[in-house]
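What follows is one structure encoded as structure tokens, with my remarks underneath.
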Amino acid sequence: MHAFDVLGDPVRRRILELLADGERPAGEVSAVVQEEFGISQPGVSQHLRVLRENGFTTVRAVGTRRLYAVDPAPLREIDRWLDRYRGFWTQRLDALGTEIARGRLERRRTDGSGPTS
């Protein structure tokens, strides 16, 4: 399965968001996802399996618990792929930042709180 197919599902993206802050037990992840998406525990388990089998998560057993964590390697691959497209928005964001700064400076001059008053 291609990385974008894996991440195209909102449930799997949410699971990765939950795991981005650190390792979590499968039961905890499942409870959050079940509440937010209204899917069954076996459904959540399938999403966890897809993430694990495609390298996006790791799992380790601690007693009877399964602890899931993000594996950053596939995310780095996606980041590298996106890198060639960043130029499309980076230049525009830089221009937006310039315009915002220019607007702030103009406002300060207009209301007399700037360094020129």
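Ligands are numbered from 1 in the order shown, residues from 1 within each chain, and chains are lettered A, B, ... in the order they appear in the structure tokens.
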
Give me the residues within 12 Å of Ala61 of chain A as a ChimeraX atom specification, counting only C-alpha atoms and dropping any in the same chain fewer than 5 places off. /A:23-26,66-69

For Leu16 of chain A, the closest of A:Ser45, A:Phe56, A:Asp79, A:Ser30 counting only C-alpha atoms is A:Phe56

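For the choices A:Leu82, A:Val6, A:Arg76, A:Arg14, the atom-to-atom distance to Arg49 of chain A is smallest for A:Val6 when using only C-alpha atoms.
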
Atom CA of Asp111 of chain A to atom CA of Asp94 of chain A, distance in Å rounded to a single decimal: 26.1 Å

Can you list, as a list in words, every residue of segment 83-113 of chain A that DSSP puts in helix (DSSP H, G or I)? Asp83, Arg86, Gly87, Phe88, Trp89, Thr90, Gln91, Arg92, Leu93, Asp94, Ala95, Leu96, Gly97, Thr98, Glu99, Ile100, Ala101, Arg102, Gly103, Arg104, Leu105, Glu106, Arg107, Arg108, Arg109 and Thr110 of chain A

According to DSSP computed on the backbone, where in chain A is there strand (DSSP E or B)? Give the residues as a PyMOL selection string. chain A and resi 24-25+57-62+65-70

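With only C-alpha atoms as the atoms that count, the residue of A:Val70, A:Val11, A:Val62, A:Ala95 with the shortest distance to Gln46 of chain A is A:Val11.
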
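Atom CA of Arg104 of chain A to atom CA of Phe88 of chain A spans 25.5 Å [interatomic distance, one decimal].
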
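Minimum atom-to-atom distance to Gln41 of chain A, evaluated using only C-alpha atoms, belongs to A:Val29 out of A:Val29, A:Ala73, A:Arg65, A:Pro10.
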